[in-house]
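Coordinates as given in run.cif (mmCIF, C-alpha atoms; chains and numbers go by the auth columns):
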```cif
data_data
loop_
_atom_site.group_PDB
_atom_site.id
_atom_site.type_symbol
_atom_site.label_atom_id
_atom_site.label_comp_id
_atom_site.label_asym_id
_atom_site.label_seq_id
_atom_site.Cartn_x
_atom_site.Cartn_y
_atom_site.Cartn_z
_atom_site.B_iso_or_equiv
_atom_site.auth_seq_id
_atom_site.auth_asym_id
ATOM 1 C CA MET A 1 104.265 122.553 80.718 0.00 1 A
ATOM 2 C CA THR A 2 101.216 121.285 82.536 0.00 2 A
ATOM 3 C CA VAL A 3 101.522 119.787 86.015 0.00 3 A
ATOM 4 C CA GLN A 4 98.705 117.977 87.804 0.00 4 A
ATOM 5 C CA ARG A 5 98.926 116.299 91.188 0.00 5 A
ATOM 6 C CA ILE A 6 97.527 112.793 91.421 0.00 6 A
ATOM 7 C CA GLY A 7 96.552 111.844 94.939 0.00 7 A
ATOM 8 C CA GLY A 8 99.043 112.633 97.676 0.00 8 A
ATOM 9 C CA THR A 9 102.142 111.077 96.138 0.00 9 A
ATOM 10 C CA GLY A 10 101.868 111.397 92.387 0.00 10 A
ATOM 11 C CA VAL A 11 102.105 113.889 89.575 0.00 11 A
ATOM 12 C CA ALA A 12 101.317 114.036 85.860 0.00 12 A
ATOM 13 C CA LEU A 13 103.514 116.304 83.742 0.00 13 A
ATOM 14 C CA TYR A 14 102.821 117.151 80.154 0.00 14 A
ATOM 15 C CA LEU A 15 105.826 118.610 78.363 0.00 15 A
ATOM 16 C CA THR A 16 105.509 120.153 74.905 0.00 16 A
ATOM 17 C CA PRO A 17 108.451 119.871 72.496 0.00 17 A
ATOM 18 C CA GLU A 18 109.368 123.459 73.491 0.00 18 A
ATOM 19 C CA ASP A 19 109.301 122.519 77.197 0.00 19 A
ATOM 20 C CA LEU A 20 111.544 119.549 76.483 0.00 20 A
ATOM 21 C CA GLU A 21 113.983 121.783 74.619 0.00 21 A
ATOM 22 C CA ASP A 22 113.973 124.348 77.451 0.00 22 A
ATOM 23 C CA HIS A 23 114.908 121.582 79.905 0.00 23 A
ATOM 24 C CA GLY A 24 117.555 120.114 77.612 0.00 24 A
ATOM 25 C CA GLY A 25 115.682 116.978 76.573 0.00 25 A
ATOM 26 C CA ASP A 26 113.822 115.563 73.603 0.00 26 A
ATOM 27 C CA ARG A 27 111.093 112.947 73.222 0.00 27 A
ATOM 28 C CA GLU A 28 113.211 110.674 71.042 0.00 28 A
ATOM 29 C CA THR A 29 115.887 110.082 73.667 0.00 29 A
ATOM 30 C CA LEU A 30 114.257 110.408 77.068 0.00 30 A
ATOM 31 C CA ASP A 31 117.044 109.885 79.572 0.00 31 A
ATOM 32 C CA VAL A 32 116.111 108.217 82.877 0.00 32 A
ATOM 33 C CA SER A 33 118.268 110.545 84.969 0.00 33 A
ATOM 34 C CA TRP A 34 116.971 113.657 83.157 0.00 34 A
ATOM 35 C CA THR A 35 113.356 112.509 83.565 0.00 35 A
ATOM 36 C CA THR A 36 113.910 111.698 87.245 0.00 36 A
ATOM 37 C CA ASP A 37 115.447 115.136 87.888 0.00 37 A
ATOM 38 C CA VAL A 38 112.552 116.953 86.198 0.00 38 A
ATOM 39 C CA ILE A 39 109.960 114.877 88.083 0.00 39 A
ATOM 40 C CA ARG A 40 111.707 115.358 91.456 0.00 40 A
ATOM 41 C CA GLN A 41 111.881 119.106 90.853 0.00 41 A
ATOM 42 C CA TYR A 42 108.118 119.317 90.334 0.00 42 A
ATOM 43 C CA LEU A 43 107.266 116.891 93.138 0.00 43 A
ATOM 44 C CA ASN A 44 109.338 118.978 95.564 0.00 44 A
ATOM 45 C CA ARG A 45 107.679 122.166 94.327 0.00 45 A
ATOM 46 C CA GLY A 46 104.261 120.564 94.834 0.00 46 A
ATOM 47 C CA GLY A 47 105.072 119.513 98.392 0.00 47 A
ATOM 48 C CA VAL A 48 105.091 115.758 97.689 0.00 48 A
ATOM 49 C CA ARG A 49 107.314 113.893 100.163 0.00 49 A
ATOM 50 C CA MET A 50 110.157 112.111 98.405 0.00 50 A
ATOM 51 C CA GLU A 51 110.638 109.176 100.778 0.00 51 A
ATOM 52 C CA GLY A 52 110.560 105.944 98.864 0.00 52 A
ATOM 53 C CA LYS A 53 110.985 104.635 95.365 0.00 53 A
ATOM 54 C CA LEU A 54 110.044 106.868 92.439 0.00 54 A
ATOM 55 C CA GLU A 55 108.105 105.100 89.656 0.00 55 A
ATOM 56 C CA ILE A 56 107.864 106.888 86.312 0.00 56 A
ATOM 57 C CA GLU A 57 105.953 106.092 83.129 0.00 57 A
ATOM 58 C CA ALA A 58 106.621 108.098 79.971 0.00 58 A
ATOM 59 C CA PHE A 59 104.285 108.374 76.987 0.00 59 A
ATOM 60 C CA PRO A 60 105.981 110.241 74.121 0.00 60 A
ATOM 61 C CA CYS A 61 103.970 111.449 71.123 0.00 61 A
ATOM 62 C CA ASP A 62 104.389 114.001 68.327 0.00 62 A
ATOM 63 C CA SER A 63 103.023 116.804 70.488 0.00 63 A
ATOM 64 C CA GLY A 64 105.256 116.161 73.529 0.00 64 A
ATOM 65 C CA VAL A 65 105.592 113.761 76.411 0.00 65 A
ATOM 66 C CA LEU A 66 103.242 112.782 79.198 0.00 66 A
ATOM 67 C CA LEU A 67 105.111 111.744 82.349 0.00 67 A
ATOM 68 C CA LEU A 68 103.281 109.976 85.167 0.00 68 A
ATOM 69 C CA ALA A 69 105.189 109.646 88.417 0.00 69 A
ATOM 70 C CA SER A 70 104.390 108.245 91.810 0.00 70 A
ATOM 71 C CA VAL A 71 106.392 107.951 95.028 0.00 71 A
ATOM 72 C CA CYS A 72 106.012 104.483 96.542 0.00 72 A
ATOM 73 C CA PRO A 73 106.628 104.406 100.276 0.00 73 A
ATOM 74 C CA PRO A 74 109.480 102.186 101.367 0.00 74 A
ATOM 75 C CA GLU A 75 108.641 98.664 102.478 0.00 75 A
ATOM 76 C CA PRO A 76 108.912 98.295 106.239 0.00 76 A
ATOM 77 C CA VAL A 77 111.403 96.062 108.006 0.00 77 A
ATOM 78 C CA PHE A 78 109.953 93.265 110.131 0.00 78 A
ATOM 79 C CA LEU A 79 111.555 92.196 113.401 0.00 79 A
ATOM 80 C CA GLY A 80 110.352 89.157 115.331 0.00 80 A
ATOM 81 C CA PHE A 81 110.506 88.865 119.123 0.00 81 A
ATOM 82 C CA PRO A 82 109.877 85.584 120.961 0.00 82 A
ATOM 83 C CA ASP A 83 108.252 87.239 123.988 0.00 83 A
ATOM 84 C CA PHE A 84 107.032 90.557 125.326 0.00 84 A
ATOM 85 C CA GLU A 85 110.095 90.918 127.564 0.00 85 A
ATOM 86 C CA SER A 86 112.293 91.099 124.446 0.00 86 A
ATOM 87 C CA VAL A 87 110.056 93.821 123.027 0.00 87 A
ATOM 88 C CA LEU A 88 110.371 95.797 126.283 0.00 88 A
ATOM 89 C CA CYS A 89 114.173 95.450 126.198 0.00 89 A
ATOM 90 C CA ALA A 90 114.155 96.830 122.654 0.00 90 A
ATOM 91 C CA ALA A 91 111.923 99.726 123.742 0.00 91 A
ATOM 92 C CA ARG A 92 114.247 100.568 126.624 0.00 92 A
ATOM 93 C CA GLY A 93 117.311 100.247 124.411 0.00 93 A
ATOM 94 C CA LEU A 94 115.989 102.369 121.563 0.00 94 A
ATOM 95 C CA PRO A 95 112.631 104.122 122.037 0.00 95 A
ATOM 96 C CA GLU A 96 112.135 104.749 118.308 0.00 96 A
ATOM 97 C CA PRO A 97 109.122 107.071 117.722 0.00 97 A
ATOM 98 C CA THR A 98 107.919 105.074 114.711 0.00 98 A
ATOM 99 C CA GLY A 99 106.855 101.460 114.326 0.00 99 A
ATOM 100 C CA ARG A 100 103.856 99.213 114.811 0.00 100 A
ATOM 101 C CA LEU A 101 103.647 96.187 117.063 0.00 101 A
ATOM 102 C CA PHE A 102 101.639 93.083 116.156 0.00 102 A
ATOM 103 C CA TYR A 103 101.166 89.613 117.579 0.00 103 A
ATOM 104 C CA ALA A 104 100.865 86.770 115.077 0.00 104 A
ATOM 105 C CA ASP A 105 101.989 83.160 114.744 0.00 105 A
ATOM 106 C CA GLY A 106 103.182 82.985 118.361 0.00 106 A
ATOM 107 C CA GLN A 107 105.530 85.963 118.226 0.00 107 A
ATOM 108 C CA TYR A 108 105.566 89.734 118.517 0.00 108 A
ATOM 109 C CA ILE A 109 106.332 91.440 115.222 0.00 109 A
ATOM 110 C CA LEU A 110 107.559 95.011 115.000 0.00 110 A
ATOM 111 C CA THR A 111 107.429 96.944 111.729 0.00 111 A
ATOM 112 C CA LEU A 112 109.856 99.820 111.246 0.00 112 A
ATOM 113 C CA PRO A 113 111.187 101.819 108.321 0.00 113 A
ATOM 114 C CA GLU A 114 114.573 100.636 107.040 0.00 114 A
ATOM 115 C CA GLY A 115 117.406 102.484 108.753 0.00 115 A
ATOM 116 C CA PRO A 116 119.860 102.588 111.648 0.00 116 A
ATOM 117 C CA ALA A 117 117.172 102.093 114.301 0.00 117 A
ATOM 118 C CA ALA A 118 115.934 98.889 112.686 0.00 118 A
ATOM 119 C CA ARG A 119 119.483 97.564 112.383 0.00 119 A
ATOM 120 C CA ALA A 120 120.242 98.398 116.035 0.00 120 A
ATOM 121 C CA LEU A 121 117.182 96.483 117.201 0.00 121 A
ATOM 122 C CA THR A 122 118.528 93.183 115.865 0.00 122 A
ATOM 123 C CA GLU A 123 120.225 92.894 119.267 0.00 123 A
ATOM 124 C CA PHE A 124 116.772 92.169 120.712 0.00 124 A
ATOM 125 C CA GLY A 125 114.884 90.573 117.811 0.00 125 A
ATOM 126 C CA VAL A 126 115.507 88.832 114.492 0.00 126 A
ATOM 127 C CA TRP A 127 114.954 90.032 110.931 0.00 127 A
ATOM 128 C CA LEU A 128 111.962 88.420 109.310 0.00 128 A
ATOM 129 C CA GLU A 129 112.163 88.046 105.538 0.00 129 A
ATOM 130 C CA ARG A 130 108.595 88.622 104.431 0.00 130 A
ATOM 131 C CA PRO A 131 107.013 89.367 101.058 0.00 131 A
ATOM 132 C CA SER A 132 105.576 92.692 100.023 0.00 132 A
ATOM 133 C CA GLY A 133 102.168 93.213 101.602 0.00 133 A
ATOM 134 C CA PHE A 134 103.028 91.313 104.775 0.00 134 A
ATOM 135 C CA GLU A 135 101.937 94.223 106.965 0.00 135 A
ATOM 136 C CA ALA A 136 98.451 94.032 105.427 0.00 136 A
ATOM 137 C CA TRP A 137 98.431 90.314 106.242 0.00 137 A
ATOM 138 C CA LEU A 138 99.395 91.152 109.842 0.00 138 A
ATOM 139 C CA ARG A 139 96.511 93.608 110.127 0.00 139 A
ATOM 140 C CA GLU A 140 94.067 91.000 108.889 0.00 140 A
ATOM 141 C CA HIS A 141 95.335 87.827 110.587 0.00 141 A
ATOM 142 C CA GLY A 142 97.344 89.088 113.547 0.00 142 A
ATOM 143 C CA ARG A 143 96.498 91.257 116.513 0.00 143 A
ATOM 144 C CA VAL A 144 97.471 94.932 116.503 0.00 144 A
ATOM 145 C CA ILE A 145 99.094 95.660 119.869 0.00 145 A
ATOM 146 C CA LEU A 146 100.224 99.248 119.172 0.00 146 A
ATOM 147 C CA PRO A 147 99.387 100.870 115.813 0.00 147 A
ATOM 148 C CA ASP A 148 101.980 103.696 115.905 0.00 148 A
ATOM 149 C CA GLY A 149 105.062 104.689 117.876 0.00 149 A
ATOM 150 C CA ALA A 150 105.179 101.281 119.536 0.00 150 A
ATOM 151 C CA LEU A 151 108.644 101.388 121.115 0.00 151 A
ATOM 152 C CA ALA A 152 108.393 104.987 122.332 0.00 152 A
ATOM 153 C CA HIS A 153 104.983 104.230 123.819 0.00 153 A
ATOM 154 C CA LEU A 154 106.257 101.122 125.634 0.00 154 A
ATOM 155 C CA ALA A 155 109.360 102.966 126.876 0.00 155 A
ATOM 156 C CA GLY A 156 107.050 105.583 128.383 0.00 156 A
ATOM 157 C CA ILE A 157 104.929 102.988 130.183 0.00 157 A
ATOM 158 C CA PHE A 158 107.753 100.633 131.253 0.00 158 A
ATOM 159 C CA PRO A 159 110.835 102.829 131.868 0.00 159 A
#
```
Would you give me this structure, written as C-alpha cells?
Amino acid sequence: MTVQRIGGTGVALYLTPEDLEDHGGDRETLDVSWTTDVIRQYLNRGGVRMEGKLEIEAFPCDSGVLLLASVCPPEPVFLGFPDFESVLCAARGLPEPTGRLFYADGQYILTLPEGPAARALTEFGVWLERPSGFEAWLREHGRVILPDGALAHLAGIFP
C-alpha cells in the first residue's frame, strides 16, 4: 500500500490486490463503507483533521485501486442581525470563540460553524439561507468587521 498526502486535507492511497485482500476488500466490489473506513484510518494516521464531508474517488484497474480522498470543510451557517446592538446582545449571550462578522446589504452577518452555538444565536439573529461560496462573496462585496472570534472579541470589549 502506498499513501501520499495531498495538500493539508487530502490523501492518495494505492492498494494492490494483496492489500485489498488483507483489508477484506476487492476491486470488483468496492464498498462505500469499507472504502470510507480505510480512508479515515489513513487520514487519522496522517494527522488530517476529519471535520467536514469526506469526498472519495476510486479508480480500479487490474493492478489494484487508486483512492483519492479529500476532507471538505463544513459550510458555515450565516446569521443576519439588523443592527450592531443585536450583535452585541448575541456576544453577551454566547461569546463563541469562532465566527466572522461582516457588514453587507444593510445588515451585520455572522458566519459560524453548524452546531449548538449557531442554533442558540437565533434568539438574536435570523438564519440566512445562502448558496455555497457566500462567505467569499461577503469578503469581496461586504466589509469585514472582525475576521475571527467575532463574538468572543466583542464580549471582551463590551461586557
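Run against this file, the PyMOL selection byres ((chain A and resi 132) around 12) gives back Pro73, Pro74, Glu75, Pro76, Val77, Phe78, Glu129, Arg130, Pro131, Gly133, Phe134, Glu135, Ala136, Trp137 and Leu138 of chain A.
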(message) I'd like to know which of A:Leu43, A:Leu94, A:Val11, A:Leu20 is closest to A:Ala69, using only C-alpha atoms.
(response) A:Val11
(request) Step by step, work through what the PyMOL selection byres ((chain A and resi 105) around 10) selects in the shown file, and finish by giving those residues as a PyMOL selection string. (result) chain A and resi 103-104+106-109+138+141-143
Given the selection you just returned, output its residues as a file containing C-alpha atoms, formatted as a CSV table (one decimal), in the coordinates of the input.
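Okay, again.csv is ready:
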```csv
chain,number,residue,atom,x,y,z
A,103,TYR,CA,101.2,89.6,117.6
A,104,ALA,CA,100.9,86.8,115.1
A,106,GLY,CA,103.2,83.0,118.4
A,107,GLN,CA,105.5,86.0,118.2
A,108,TYR,CA,105.6,89.7,118.5
A,109,ILE,CA,106.3,91.4,115.2
A,138,LEU,CA,99.4,91.2,109.8
A,141,HIS,CA,95.3,87.8,110.6
A,142,GLY,CA,97.3,89.1,113.5
A,143,ARG,CA,96.5,91.3,116.5
```
(message) Suppose a student applies the PyMOL selection byres ((chain A and resi 151) around 9) to this structure; what residues should they get, written as a count of residues only?
(response) 23
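Counting from atom CA of A:Ala118, the distance to atom CA of A:Leu79 is 8.0 Å.
Here atom CA of A:Glu21 stands at a distance of 17.0 Å from atom CA of A:Val3.
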(request) Grab the atom CA of A:Asn44 to atom CA of A:Pro17 distance for me, in Å with one decimal place. (result) 23.1 Å
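Residue nearest A:Glu85 within the list A:Ile39, A:Pro116, A:Phe124, A:Ile145: A:Phe124 [criterion: smallest interatomic distance, only C-alpha atoms].
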(request) Counting all atoms listed in the file, figure out which residue out of A:Asp83, A:Asp37, A:Glu18, A:Glu28 gets nearest to A:Pro60. (result) A:Glu28
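Within the 9 Å cut-off around stretch 56-58 of chain A, using only C-alpha atoms and omitting residues fewer than 6 positions from it on the same chain, the listed residues are Leu30, Thr35, Thr36, Ile39, Val65, Leu66, Leu67, Leu68, Ala69, Ser70 and Val71 of chain A.
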(message) Quick one: residues within 12 Å of A:Asp22, all atoms listed in the file, excluding same-chain residues fewer than 6 positions away - as a ChimeraX atom specification?
(response) /A:1,15-16,38
Using all atoms of stretch 100-110 of chain A listed in the file and a margin of 3 Å per side, can you give the axis-aligned box centre and edge lengths in Å to one decimal, as AutoDock Vina command-line options?
```
--center_x 104.2 --center_y 91.1 --center_z 116.6 --size_x 12.7 --size_y 22.2 --size_z 9.8
```
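If you measure from each of A:Gly80, A:Gly125, A:Pro147, A:Gly64 to A:Gly93 using all atoms listed in the file, the closest one turns out to be A:Gly125.
For the set A:Ile157, A:Leu54, A:Cys89, A:Leu121, the residue with the smallest atom-to-atom gap to A:Gly10 is A:Leu54, counting only C-alpha atoms.
For the residues A:Val32, A:Val126, A:Tyr42, A:Glu140, ranking by smallest atom-to-atom distance to A:Tyr14 using all atoms listed in the file places A:Tyr42 first.
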